[in-house]
$ cat run_9.txt   # compact mmCIF, C-alpha atoms
# COMPACT_ATOMS: atom_id res chain seq x y z
CA MET A 9 0.00 0.00 0.00
CA ILE A 10 2.60 2.54 1.14
CA GLN A 11 5.15 1.38 -1.43
CA ASN A 12 2.68 0.92 -4.26
CA GLN A 13 0.24 3.76 -3.93
CA ILE A 14 1.23 6.42 -1.43
CA MET A 15 4.86 6.92 -2.50
CA PRO A 16 4.22 7.19 -6.27
CA GLY A 17 1.34 9.58 -5.63
CA VAL A 18 3.41 11.84 -3.38
CA LYS A 19 6.39 11.69 -5.73
CA ALA A 20 4.30 12.69 -8.75
CA ALA A 21 2.87 15.61 -6.77
CA TRP A 22 6.11 17.45 -6.02
CA PRO A 23 6.21 19.52 -9.22
CA ILE A 24 2.64 20.62 -8.46
CA CYS A 25 3.67 21.60 -4.94
CA LEU A 26 6.61 23.58 -6.33
CA GLY A 27 4.10 25.57 -8.35
CA TYR A 28 1.51 25.88 -5.58
CA ILE A 29 3.80 27.10 -2.80
CA PRO A 30 4.64 30.55 -4.29
CA ILE A 31 1.08 31.05 -5.53
CA GLY A 32 -0.35 29.94 -2.19
CA LEU A 33 1.95 32.32 -0.31
CA ALA A 34 0.91 35.17 -2.60
CA PHE A 35 -2.75 34.33 -2.03
CA GLY A 36 -2.25 34.31 1.73
CA VAL A 37 -0.68 37.78 1.63
CA LEU A 38 -3.58 39.20 -0.42
CA ALA A 39 -6.26 37.51 1.68
CA GLN A 40 -4.70 38.76 4.90
CA LYS A 41 -4.54 42.30 3.45
CA ALA A 42 -8.22 41.97 2.50
CA GLY A 43 -8.99 41.32 6.16
CA MET A 44 -9.28 37.54 6.29
CA SER A 45 -8.04 35.71 9.39
CA TRP A 46 -5.75 32.66 9.07
CA PHE A 47 -8.74 30.48 9.90
CA GLN A 48 -10.85 31.98 7.11
CA ILE A 49 -7.95 31.51 4.70
CA ALA A 50 -7.63 27.85 5.72
CA LEU A 51 -11.38 27.36 5.48
CA MET A 52 -11.49 28.83 2.00
CA SER A 53 -8.51 26.77 0.77
CA CYS A 54 -10.08 23.60 2.22
CA ILE A 55 -13.60 24.11 0.96
CA VAL A 56 -12.98 25.85 -2.35
CA PHE A 57 -9.51 24.57 -3.40
CA ALA A 58 -9.38 26.56 -6.63
CA GLY A 59 -6.53 29.03 -6.96
CA SER A 60 -7.87 31.40 -9.61
CA SER A 61 -11.36 31.59 -8.05
CA GLN A 62 -9.87 32.30 -4.65
CA PHE A 63 -7.71 35.14 -5.97
CA ILE A 64 -10.65 36.68 -7.79
CA ALA A 65 -12.93 36.26 -4.74
CA VAL A 66 -10.47 38.03 -2.45
CA SER A 67 -9.97 40.95 -4.82
CA MET A 68 -13.74 41.23 -5.33
CA LEU A 69 -14.34 41.20 -1.58
CA ALA A 70 -11.66 43.83 -1.09
CA SER A 71 -13.40 46.06 -3.63
CA GLY A 72 -16.76 45.61 -1.93
CA SER A 73 -18.53 43.11 -4.21
CA GLY A 74 -21.55 41.25 -2.88
CA ALA A 75 -21.60 37.57 -1.92
CA LEU A 76 -23.70 36.44 -4.88
CA ALA A 77 -21.45 38.20 -7.39
CA VAL A 78 -18.41 36.47 -5.90
CA ILE A 79 -20.07 33.05 -5.96
CA THR A 80 -21.35 33.45 -9.53
CA THR A 81 -17.90 34.50 -10.72
CA ALA A 82 -16.31 31.49 -8.99
CA PHE A 83 -18.75 29.24 -10.83
CA PHE A 84 -17.81 30.59 -14.26
CA VAL A 85 -14.08 30.72 -13.55
CA ASN A 86 -14.12 27.04 -12.61
CA LEU A 87 -16.49 25.77 -15.27
CA ARG A 88 -13.52 24.36 -17.22
CA HIS A 89 -13.30 21.60 -14.61
CA LEU A 90 -16.56 20.26 -16.02
CA LEU A 91 -14.61 19.45 -19.19
CA MET A 92 -11.66 18.00 -17.30
CA SER A 93 -13.82 15.73 -15.13
CA SER A 94 -15.64 14.55 -18.26
CA SER A 95 -12.33 13.53 -19.86
CA LEU A 96 -11.26 11.79 -16.66
CA ALA A 97 -14.61 9.98 -16.55
CA THR A 98 -13.78 8.17 -19.81
CA LEU A 99 -10.79 6.57 -18.04
CA LEU A 100 -12.58 5.79 -14.76
CA GLN A 101 -15.53 3.75 -16.00
CA ASN A 102 -17.39 1.87 -13.26
CA GLU A 103 -15.16 3.00 -10.41
CA HIS A 104 -16.69 3.30 -6.93
CA ARG A 105 -18.87 6.41 -6.72
CA GLY A 106 -17.83 7.29 -3.17
CA LYS A 107 -14.17 7.28 -4.18
CA LEU A 108 -14.97 9.27 -7.32
CA SER A 109 -16.76 11.86 -5.20
CA VAL A 110 -13.66 12.32 -3.03
CA PHE A 111 -11.45 12.38 -6.15
CA ALA A 112 -13.66 15.08 -7.73
CA TYR A 113 -12.76 17.45 -4.89
CA GLY A 114 -9.11 17.42 -5.95
CA VAL A 115 -9.55 17.98 -9.70
CA THR A 116 -7.46 21.03 -10.56
CA ASP A 117 -5.78 22.03 -13.84
CA GLU A 118 -2.51 20.53 -12.63
CA SER A 119 -3.71 17.32 -10.95
CA PHE A 120 -6.02 16.68 -13.88
CA ALA A 121 -3.21 16.89 -16.43
CA ILE A 122 -0.90 14.57 -14.50
CA ASN A 123 -3.56 12.02 -13.56
CA TYR A 124 -5.06 11.97 -17.06
CA THR A 125 -1.68 11.58 -18.79
CA ARG A 126 -0.53 8.79 -16.48
CA MET A 127 -3.85 6.92 -16.54
CA LEU A 128 -3.71 7.05 -20.32
CA ALA A 129 -0.15 5.69 -20.20
CA GLY A 130 -1.45 2.85 -18.02
CA ASP A 131 0.81 3.13 -14.97
CA TRP A 132 -1.69 4.99 -12.79
CA ASP A 133 -4.94 4.24 -10.95
CA LEU A 134 -7.61 5.99 -8.89
CA ASN A 135 -5.86 5.35 -5.55
CA ARG A 136 -2.61 6.94 -6.70
CA SER A 137 -4.58 9.83 -8.17
CA LEU A 138 -6.28 10.33 -4.80
CA VAL A 139 -2.89 10.48 -3.06
CA LEU A 140 -1.60 12.96 -5.63
CA ASN A 141 -4.71 15.16 -5.32
CA HIS A 142 -4.54 15.27 -1.54
CA THR A 143 -0.80 15.90 -1.42
CA ALA A 144 -1.30 18.88 -3.73
CA ASN A 145 -4.31 19.95 -1.65
CA ALA A 146 -2.32 19.83 1.60
CA CYS A 147 0.44 21.90 -0.04
CA TRP A 148 -2.09 24.47 -1.17
CA ILE A 149 -3.77 24.81 2.23
CA LEU A 150 -0.48 25.04 4.13
CA SER A 151 1.09 27.56 1.78
CA THR A 152 -1.97 29.84 1.73
CA VAL A 153 -2.09 29.86 5.54
CA ALA A 154 1.69 30.40 5.74
CA GLY A 155 1.29 33.28 3.29
CA GLY A 156 -1.22 34.90 5.64
CA PHE A 157 1.33 34.79 8.44
CA PHE A 158 4.64 35.68 6.83
CA GLY A 159 4.21 35.86 3.05
CA HIS A 160 4.91 39.59 3.21
CA LEU A 161 8.52 38.79 4.15
CA ILE A 162 9.20 37.22 0.75
CA PRO A 163 9.96 39.78 -1.97
CA PRO A 164 7.57 39.46 -4.91
CA HIS A 165 8.88 38.08 -8.24
CA SER A 166 11.90 36.45 -6.58
CA LEU A 167 13.65 33.41 -8.11
CA GLY A 168 11.37 33.13 -11.11
CA ILE A 169 8.49 31.81 -9.01
CA ASP A 170 6.03 33.61 -11.27
CA TYR A 171 6.97 31.16 -13.99
CA ALA A 172 6.42 27.92 -12.04
CA LEU A 173 2.85 27.29 -13.17
CA ILE A 174 3.52 28.42 -16.75
CA ALA A 175 6.45 25.99 -17.02
CA MET A 176 4.21 23.28 -15.59
CA PHE A 177 1.51 23.95 -18.18
CA ILE A 178 4.14 23.84 -20.94
CA CYS A 179 5.31 20.40 -19.86
CA LEU A 180 1.79 19.08 -19.24
CA LEU A 181 0.85 20.21 -22.74
CA VAL A 182 3.91 18.46 -24.18
CA PHE A 183 2.72 15.23 -22.52
CA GLN A 184 -0.57 15.56 -24.40
CA LEU A 185 0.90 16.00 -27.88
CA THR A 186 0.69 12.38 -29.00
CA SER A 187 -0.95 12.63 -32.45
CA ARG A 188 -1.14 15.05 -35.33
CA VAL A 189 -4.83 15.77 -34.71
CA ILE A 190 -4.10 16.61 -31.05
CA VAL A 191 -1.23 18.94 -32.00
CA LEU A 192 -3.41 20.77 -34.53
CA THR A 193 -6.26 20.98 -32.02
CA ALA A 194 -3.95 22.40 -29.36
CA ILE A 195 -2.62 25.05 -31.77
CA MET A 196 -6.18 26.05 -32.69
CA ALA A 197 -7.23 26.17 -29.04
CA GLY A 198 -4.26 28.40 -28.17
CA ILE A 199 -4.80 30.90 -30.99
CA LEU A 200 -8.56 30.96 -30.42
CA SER A 201 -8.05 31.44 -26.71
CA VAL A 202 -5.76 34.45 -27.25
CA ALA A 203 -8.22 36.00 -29.73
CA LEU A 204 -11.19 35.48 -27.40
CA ALA A 205 -9.26 36.69 -24.33
CA LEU A 206 -8.57 39.96 -26.14
CA TRP A 207 -12.14 40.25 -27.32
CA ILE A 208 -14.34 39.29 -24.35
CA PRO A 209 -13.81 40.16 -20.69
CA GLY A 210 -13.68 37.54 -17.94
CA ASN A 211 -12.44 33.95 -18.14
CA SER A 212 -15.01 32.32 -20.42
CA TYR A 213 -12.46 32.34 -23.25
CA ILE A 214 -10.83 29.19 -21.82
CA VAL A 215 -13.96 27.03 -22.02
CA LEU A 216 -15.12 28.56 -25.32
CA ALA A 217 -11.77 28.08 -27.06
CA SER A 218 -11.43 24.50 -25.79
CA VAL A 219 -14.91 23.45 -26.85
CA VAL A 220 -14.63 24.97 -30.33
CA ALA A 221 -11.10 23.64 -30.96
CA ALA A 222 -11.97 20.12 -29.76
CA SER A 223 -15.06 20.10 -31.99
CA ILE A 224 -13.09 21.17 -35.07
CA GLY A 225 -10.36 18.69 -34.13
CA MET A 226 -12.90 15.88 -33.94
CA GLY A 227 -14.19 16.85 -37.38
CA MET A 228 -10.64 16.79 -38.76
CA GLY A 229 -10.07 13.35 -37.24
CA LYS A 230 -13.19 12.04 -38.97
CA LEU A 231 -12.20 13.61 -42.30
CA SER A 232 -8.68 12.19 -42.16
CA ARG A 233 -10.16 8.72 -41.65
CA ILE A 234 -12.46 9.15 -44.65
CA PHE A 235 -9.63 10.19 -46.94
CA GLN A 236 -7.03 7.76 -45.59
CA PRO A 237 -8.87 4.59 -44.66
CA GLY A 238 -7.12 2.65 -41.92
CA LYS A 239 -4.71 5.45 -41.05
CA GLY A 240 -6.74 7.44 -38.56
CA ASP A 241 -4.94 9.00 -35.62
CA MET B 28 -19.35 39.97 8.67
CA PRO B 29 -17.95 36.55 9.67
CA ASP B 30 -21.32 35.03 8.66
CA THR B 31 -20.97 36.56 5.20
CA TYR B 32 -17.51 34.99 4.81
CA VAL B 33 -18.82 31.57 5.73
CA PHE B 34 -21.72 31.97 3.32
CA ILE B 35 -19.37 33.02 0.51
CA ILE B 36 -16.91 30.22 1.20
CA VAL B 37 -19.60 27.52 1.33
CA GLY B 38 -21.27 28.94 -1.78
CA MET B 39 -17.97 29.01 -3.66
CA GLY B 40 -17.26 25.48 -2.45
CA LEU B 41 -20.54 24.22 -3.90
CA VAL B 42 -20.22 25.91 -7.29
CA THR B 43 -16.62 24.74 -7.70
CA TYR B 44 -17.29 21.18 -6.49
CA ILE B 45 -20.39 20.40 -8.57
CA PRO B 46 -18.76 20.85 -12.01
CA ARG B 47 -15.84 18.69 -10.84
CA TRP B 48 -18.10 16.01 -9.44
CA LEU B 49 -21.09 15.68 -11.78
CA PRO B 50 -19.30 14.18 -14.84
CA LEU B 51 -17.32 11.75 -12.66
CA PHE B 52 -20.47 10.64 -10.87
CA ILE B 53 -22.68 10.30 -13.96
CA LEU B 54 -20.50 9.65 -17.04
CA THR B 55 -18.53 6.80 -15.44
CA LYS B 56 -21.69 4.66 -15.32
CA TYR B 57 -22.65 4.89 -18.98
CA THR B 58 -21.05 3.72 -22.17
CA LEU B 59 -20.39 6.95 -23.99
CA PRO B 60 -20.87 7.24 -27.75
CA GLN B 61 -17.66 6.97 -29.76
CA TRP B 62 -17.81 10.55 -31.11
CA PHE B 63 -18.16 11.91 -27.57
CA LYS B 64 -15.15 9.92 -26.38
CA GLU B 65 -13.11 11.20 -29.33
CA TRP B 66 -14.19 14.73 -28.50
CA LEU B 67 -13.28 14.34 -24.81
CA ALA B 68 -9.87 12.90 -25.80
CA LEU B 69 -9.09 16.26 -27.45
CA ILE B 70 -10.19 18.29 -24.42
CA PRO B 71 -7.03 17.97 -22.25
CA ALA B 72 -4.67 19.39 -24.89
CA SER B 73 -7.24 22.06 -25.79
CA VAL B 74 -7.77 23.23 -22.22
CA LEU B 75 -4.05 23.28 -21.42
CA SER B 76 -3.25 25.21 -24.58
CA ALA B 77 -6.15 27.62 -23.98
CA LEU B 78 -4.87 28.24 -20.44
CA LEU B 79 -1.24 28.59 -21.48
CA LEU B 80 -1.03 30.71 -24.61
CA PRO B 81 -2.81 33.83 -23.27
CA GLU B 82 -0.40 33.74 -20.31
CA LEU B 83 2.49 33.99 -22.76
CA VAL B 84 1.36 36.65 -25.20
CA ILE B 85 -1.19 38.81 -23.39
CA GLY B 86 -0.16 41.66 -21.12
CA GLY B 87 -2.49 42.75 -18.33
CA ASP B 88 -4.88 45.51 -17.51
CA PRO B 89 -6.37 46.22 -19.98
CA ARG B 90 -5.53 43.02 -21.85
CA HIS B 91 -3.41 43.58 -24.92
CA LEU B 92 -1.35 41.46 -27.29
CA ASP B 93 2.36 41.64 -26.46
CA ILE B 94 4.51 38.95 -28.05
CA MET B 95 7.74 40.50 -26.75
CA ARG B 96 7.06 39.46 -23.16
CA PRO B 97 9.82 37.43 -21.43
CA GLU B 98 7.10 34.86 -20.61
CA MET B 99 6.92 34.16 -24.35
CA TRP B 100 10.65 33.93 -25.05
CA VAL B 101 11.43 31.75 -22.06
CA ALA B 102 8.66 29.41 -23.23
CA PHE B 103 10.69 28.23 -26.26
CA PRO B 104 13.68 26.71 -24.41
CA THR B 105 11.31 25.48 -21.68
CA PHE B 106 9.16 23.76 -24.31
CA ALA B 107 12.25 22.21 -25.92
CA PHE B 108 13.47 20.97 -22.54
CA ALA B 109 10.06 19.39 -21.82
CA LEU B 110 9.96 17.77 -25.25
CA VAL B 111 13.41 16.20 -24.82
CA THR B 112 13.36 15.20 -21.15
CA LYS B 113 9.62 14.63 -20.51
CA SER B 114 10.40 15.63 -16.93
CA LEU B 115 7.75 17.73 -15.20
CA GLY B 116 9.83 18.67 -12.16
CA GLY B 117 12.86 19.43 -14.32
CA THR B 118 10.81 21.61 -16.66
CA VAL B 119 9.38 23.62 -13.76
CA VAL B 120 12.86 24.25 -12.33
CA VAL B 121 14.42 25.07 -15.73
CA GLY B 122 11.54 27.41 -16.60
CA MET B 123 11.87 29.24 -13.28
CA VAL B 124 15.65 29.62 -13.61
CA LEU B 125 15.42 30.87 -17.21
CA PHE B 126 12.68 33.32 -16.30
CA TRP B 127 14.69 34.57 -13.35
CA LEU B 128 17.76 34.97 -15.60
CA SER B 129 15.70 36.82 -18.20
CA GLY B 130 14.70 39.27 -15.47
CA LYS B 131 18.39 39.79 -14.61
CA LEU B 132 19.43 40.30 -18.23
CA PHE B 133 16.73 42.60 -19.55
$ encode --input "run_9.txt" --output "structure tokens"
Amino acid sequence: MIQNQIMPGVKAAWPICLGYIPIGLAFGVLAQKAGMSWFQIALMSCIVFAGSSQFIAVSMLASGSGALAVITTAFFVNLRHLLMSSSLATLLQNEHRGKLSVFAYGVTDESFAINYTRMLAGDWDLNRSLVLNHTANACWILSTVAGGFFGHLIPPHSLGIDYALIAMFICLLVFQLTSRVIVLTAIMAGILSVALALWIPGNSYIVLASVVAASIGMGMGKLSRIFQPGKGD
Amino acid sequence: MPDTYVFIIVGMGLVTYIPRWLPLFILTKYTLPQWFKEWLALIPASVLSALLLPELVIGGDPRHLDIMRPEMWVAFPTFAFALVTKSLGGTVVVGMVLFWLSGKLF
């Protein structure tokens, strides 16, 4: 158990933690400045566990937004997880629903990409994914609370920490690029996402770009099979 | 005021949990049509790319296109490193170091 499931899960989580620690510290500093106590910070990181939503919530609260506006925004910012959980569902057919419900809590951009890639590769299962999710979760909670206490002591932008999550996304994307259709779809999604981000306010560009690019990509996959029978990828 | 915080946190918790949970709870019990599975197989790369690229080429407040950002230029060697090594931890460290160096140089 410890050798087979806990250790691999913890080991696979360390790059996520490396990315979460600076972001968590930064969140703690902001939340504390916005008037949240360490307990409220911990409560929010435990119950919400969604970095971007938490940042937006704190800045909205600081600028006097109402509760319903904050909650509605959090819903839209995190809607992309609906897509991620759907992709994960194709690899977790007939797993225990209780376990899946606990697993769902830990679905983030980062844990999703690692768990999905490794399940697809075949050396990963739900138990290891659960360990990975909760290791990352613990890192997030601890670093946000630590940020509330002494995050202000760390100078901002030090040691390239701003780039940790970007570098992680770059590598996670590289893991995904396994066929020509996927590469083309990813390029379309990226360009579309930039165009939409410039055009419409808010964060809906992520979901919109992904849905449109995946749909066009699926169409291209079908076409390539029609024109090259037996060579579909 | 503390009551408002609790209300906001619980409300945020619900609206972030439900989209994560619903597909895992429902879709895992049904055989999905082939086209839907093919579509979902393209979602991970799409979402990651849609999250990543604006970070590289869009400057903040108000959003504007800026392809000269260090975020963009550091992405090329970082991407190459990831492609060659397939190491997530290594890529994160290399990306951070390169970005830090780019801040020192420019």
$ interface_residues --input "run_9.txt" --of "chain B" --to "chain A" --cutoff "7 Å" --atoms "all atoms listed in the file" --output "ChimeraX atom specification"
/B:35-40,42-44,46-48,50-52,54-56,64-81,90-91,105-106,109-110,115-116,118-119,122-124,126-127
$ write_last_selection --input "run_9.txt" --atoms "C-alpha atoms" --output "CSV table (one decimal), in the coordinates of the input"
chain,number,residue,atom,x,y,z
B,35,ILE,CA,-19.4,33.0,0.5
B,36,ILE,CA,-16.9,30.2,1.2
B,37,VAL,CA,-19.6,27.5,1.3
B,38,GLY,CA,-21.3,28.9,-1.8
B,39,MET,CA,-18.0,29.0,-3.7
B,40,GLY,CA,-17.3,25.5,-2.4
B,42,VAL,CA,-20.2,25.9,-7.3
B,43,THR,CA,-16.6,24.7,-7.7
B,44,TYR,CA,-17.3,21.2,-6.5
B,46,PRO,CA,-18.8,20.8,-12.0
B,47,ARG,CA,-15.8,18.7,-10.8
B,48,TRP,CA,-18.1,16.0,-9.4
B,50,PRO,CA,-19.3,14.2,-14.8
B,51,LEU,CA,-17.3,11.8,-12.7
B,52,PHE,CA,-20.5,10.6,-10.9
B,54,LEU,CA,-20.5,9.6,-17.0
B,55,THR,CA,-18.5,6.8,-15.4
B,56,LYS,CA,-21.7,4.7,-15.3
B,64,LYS,CA,-15.2,9.9,-26.4
B,65,GLU,CA,-13.1,11.2,-29.3
B,66,TRP,CA,-14.2,14.7,-28.5
B,67,LEU,CA,-13.3,14.3,-24.8
B,68,ALA,CA,-9.9,12.9,-25.8
B,69,LEU,CA,-9.1,16.3,-27.4
B,70,ILE,CA,-10.2,18.3,-24.4
B,71,PRO,CA,-7.0,18.0,-22.2
B,72,ALA,CA,-4.7,19.4,-24.9
B,73,SER,CA,-7.2,22.1,-25.8
B,74,VAL,CA,-7.8,23.2,-22.2
B,75,LEU,CA,-4.0,23.3,-21.4
B,76,SER,CA,-3.2,25.2,-24.6
B,77,ALA,CA,-6.2,27.6,-24.0
B,78,LEU,CA,-4.9,28.2,-20.4
B,79,LEU,CA,-1.2,28.6,-21.5
B,80,LEU,CA,-1.0,30.7,-24.6
B,81,PRO,CA,-2.8,33.8,-23.3
B,90,ARG,CA,-5.5,43.0,-21.8
B,91,HIS,CA,-3.4,43.6,-24.9
B,105,THR,CA,11.3,25.5,-21.7
B,106,PHE,CA,9.2,23.8,-24.3
B,109,ALA,CA,10.1,19.4,-21.8
B,110,LEU,CA,10.0,17.8,-25.2
B,115,LEU,CA,7.8,17.7,-15.2
B,116,GLY,CA,9.8,18.7,-12.2
B,118,THR,CA,10.8,21.6,-16.7
B,119,VAL,CA,9.4,23.6,-13.8
B,122,GLY,CA,11.5,27.4,-16.6
B,123,MET,CA,11.9,29.2,-13.3
B,124,VAL,CA,15.6,29.6,-13.6
B,126,PHE,CA,12.7,33.3,-16.3
B,127,TRP,CA,14.7,34.6,-13.4
$ atom_distance --input "run_9.txt" --atom1 "atom CA of A:Ile29" --atom2 "atom CA of A:Ala154"
9.4 Å
$ atom_distance --input "run_9.txt" --atom1 "atom CA of A:Ser71" --atom2 "atom CA of A:Gly43"
11.7 Å
$ residues_near_point --input "run_9.txt" --point "(-2.9, 10.4, -13.1)" --cutoff "10 Å" --atoms "all atoms listed in the file" --output "ChimeraX atom specification"
/A:17,20,96,119-138,140-141
$ atom_distance --input "run_9.txt" --atom1 "atom CA of A:Met228" --atom2 "atom CA of B:Ala107"
26.8 Å
$ axis_aligned_box --input "run_9.txt" --around "stretch 171-187 of chain A" --padding-each-side "5 Å" --output "JSON"
{"center_x": 3.0, "center_y": 21.8, "center_z": -22.2, "size_x": 17.9, "size_y": 28.8, "size_z": 30.4}
$ build_atoms --input "run_9.txt" --residues "stretch 84-105 of chain B" --atoms "N, CA and C atoms" --output "PDB file, in the coordinates of the input"
ATOM      1  N   VAL B  84       1.343  35.545 -24.233  1.00  0.00           N
ATOM      2  CA  VAL B  84       1.360  36.650 -25.200  1.00  0.00           C
ATOM      3  C   VAL B  84       0.418  37.804 -24.873  1.00  0.00           C
ATOM      4  N   ILE B  85      -0.271  37.713 -23.720  1.00  0.00           N
ATOM      5  CA  ILE B  85      -1.190  38.810 -23.390  1.00  0.00           C
ATOM      6  C   ILE B  85      -0.704  39.532 -22.134  1.00  0.00           C
ATOM      7  N   GLY B  86      -0.524  40.837 -22.260  1.00  0.00           N
ATOM      8  CA  GLY B  86      -0.160  41.660 -21.120  1.00  0.00           C
ATOM      9  C   GLY B  86      -1.430  42.112 -20.405  1.00  0.00           C
ATOM     10  N   GLY B  87      -1.287  42.486 -19.121  1.00  0.00           N
ATOM     11  CA  GLY B  87      -2.490  42.750 -18.330  1.00  0.00           C
ATOM     12  C   GLY B  87      -2.969  44.183 -18.322  1.00  0.00           C
ATOM     13  N   ASP B  88      -4.235  44.311 -18.008  1.00  0.00           N
ATOM     14  CA  ASP B  88      -4.880  45.510 -17.510  1.00  0.00           C
ATOM     15  C   ASP B  88      -4.700  46.818 -18.279  1.00  0.00           C
ATOM     16  N   PRO B  89      -5.435  47.155 -19.337  1.00  0.00           N
ATOM     17  CA  PRO B  89      -6.370  46.220 -19.980  1.00  0.00           C
ATOM     18  C   PRO B  89      -5.600  45.230 -20.845  1.00  0.00           C
ATOM     19  N   ARG B  90      -6.224  44.073 -21.086  1.00  0.00           N
ATOM     20  CA  ARG B  90      -5.530  43.020 -21.850  1.00  0.00           C
ATOM     21  C   ARG B  90      -5.107  43.523 -23.222  1.00  0.00           C
ATOM     22  N   HIS B  91      -3.873  43.227 -23.585  1.00  0.00           N
ATOM     23  CA  HIS B  91      -3.410  43.580 -24.920  1.00  0.00           C
ATOM     24  C   HIS B  91      -2.373  42.567 -25.387  1.00  0.00           C
ATOM     25  N   LEU B  92      -2.292  42.402 -26.718  1.00  0.00           N
ATOM     26  CA  LEU B  92      -1.350  41.460 -27.290  1.00  0.00           C
ATOM     27  C   LEU B  92       0.059  42.011 -27.152  1.00  0.00           C
ATOM     28  N   ASP B  93       0.986  41.191 -26.622  1.00  0.00           N
ATOM     29  CA  ASP B  93       2.360  41.640 -26.460  1.00  0.00           C
ATOM     30  C   ASP B  93       3.273  40.418 -26.606  1.00  0.00           C
ATOM     31  N   ILE B  94       3.729  40.173 -27.841  1.00  0.00           N
ATOM     32  CA  ILE B  94       4.510  38.950 -28.050  1.00  0.00           C
ATOM     33  C   ILE B  94       5.973  39.114 -27.638  1.00  0.00           C
ATOM     34  N   MET B  95       6.351  40.301 -27.179  1.00  0.00           N
ATOM     35  CA  MET B  95       7.740  40.500 -26.750  1.00  0.00           C
ATOM     36  C   MET B  95       7.935  40.230 -25.257  1.00  0.00           C
ATOM     37  N   ARG B  96       6.929  39.681 -24.600  1.00  0.00           N
ATOM     38  CA  ARG B  96       7.060  39.460 -23.160  1.00  0.00           C
ATOM     39  C   ARG B  96       8.101  38.364 -22.875  1.00  0.00           C
ATOM     40  N   PRO B  97       8.864  38.498 -21.778  1.00  0.00           N
ATOM     41  CA  PRO B  97       9.820  37.430 -21.430  1.00  0.00           C
ATOM     42  C   PRO B  97       9.107  36.081 -21.237  1.00  0.00           C
ATOM     43  N   GLU B  98       7.853  36.108 -20.762  1.00  0.00           N
ATOM     44  CA  GLU B  98       7.100  34.860 -20.610  1.00  0.00           C
ATOM     45  C   GLU B  98       7.112  34.069 -21.913  1.00  0.00           C
ATOM     46  N   MET B  99       6.981  34.787 -23.034  1.00  0.00           N
ATOM     47  CA  MET B  99       6.920  34.160 -24.350  1.00  0.00           C
ATOM     48  C   MET B  99       8.272  33.585 -24.743  1.00  0.00           C
ATOM     49  N   TRP B 100       9.341  34.378 -24.576  1.00  0.00           N
ATOM     50  CA  TRP B 100      10.650  33.930 -25.050  1.00  0.00           C
ATOM     51  C   TRP B 100      11.219  32.810 -24.211  1.00  0.00           C
ATOM     52  N   VAL B 101      10.954  32.839 -22.926  1.00  0.00           N
ATOM     53  CA  VAL B 101      11.430  31.750 -22.060  1.00  0.00           C
ATOM     54  C   VAL B 101      10.674  30.457 -22.376  1.00  0.00           C
ATOM     55  N   ALA B 102       9.456  30.595 -22.932  1.00  0.00           N
ATOM     56  CA  ALA B 102       8.660  29.410 -23.230  1.00  0.00           C
ATOM     57  C   ALA B 102       9.317  28.492 -24.259  1.00  0.00           C
ATOM     58  N   PHE B 103      10.090  29.068 -25.205  1.00  0.00           N
ATOM     59  CA  PHE B 103      10.690  28.230 -26.260  1.00  0.00           C
ATOM     60  C   PHE B 103      11.713  27.229 -25.699  1.00  0.00           C
ATOM     61  N   PRO B 104      12.758  27.710 -24.980  1.00  0.00           N
ATOM     62  CA  PRO B 104      13.680  26.710 -24.410  1.00  0.00           C
ATOM     63  C   PRO B 104      13.000  25.785 -23.405  1.00  0.00           C
ATOM     64  N   THR B 105      12.012  26.315 -22.655  1.00  0.00           N
ATOM     65  CA  THR B 105      11.310  25.480 -21.680  1.00  0.00           C
ATOM     66  C   THR B 105      10.556  24.361 -22.404  1.00  0.00           C
TER      67      THR B 105
END
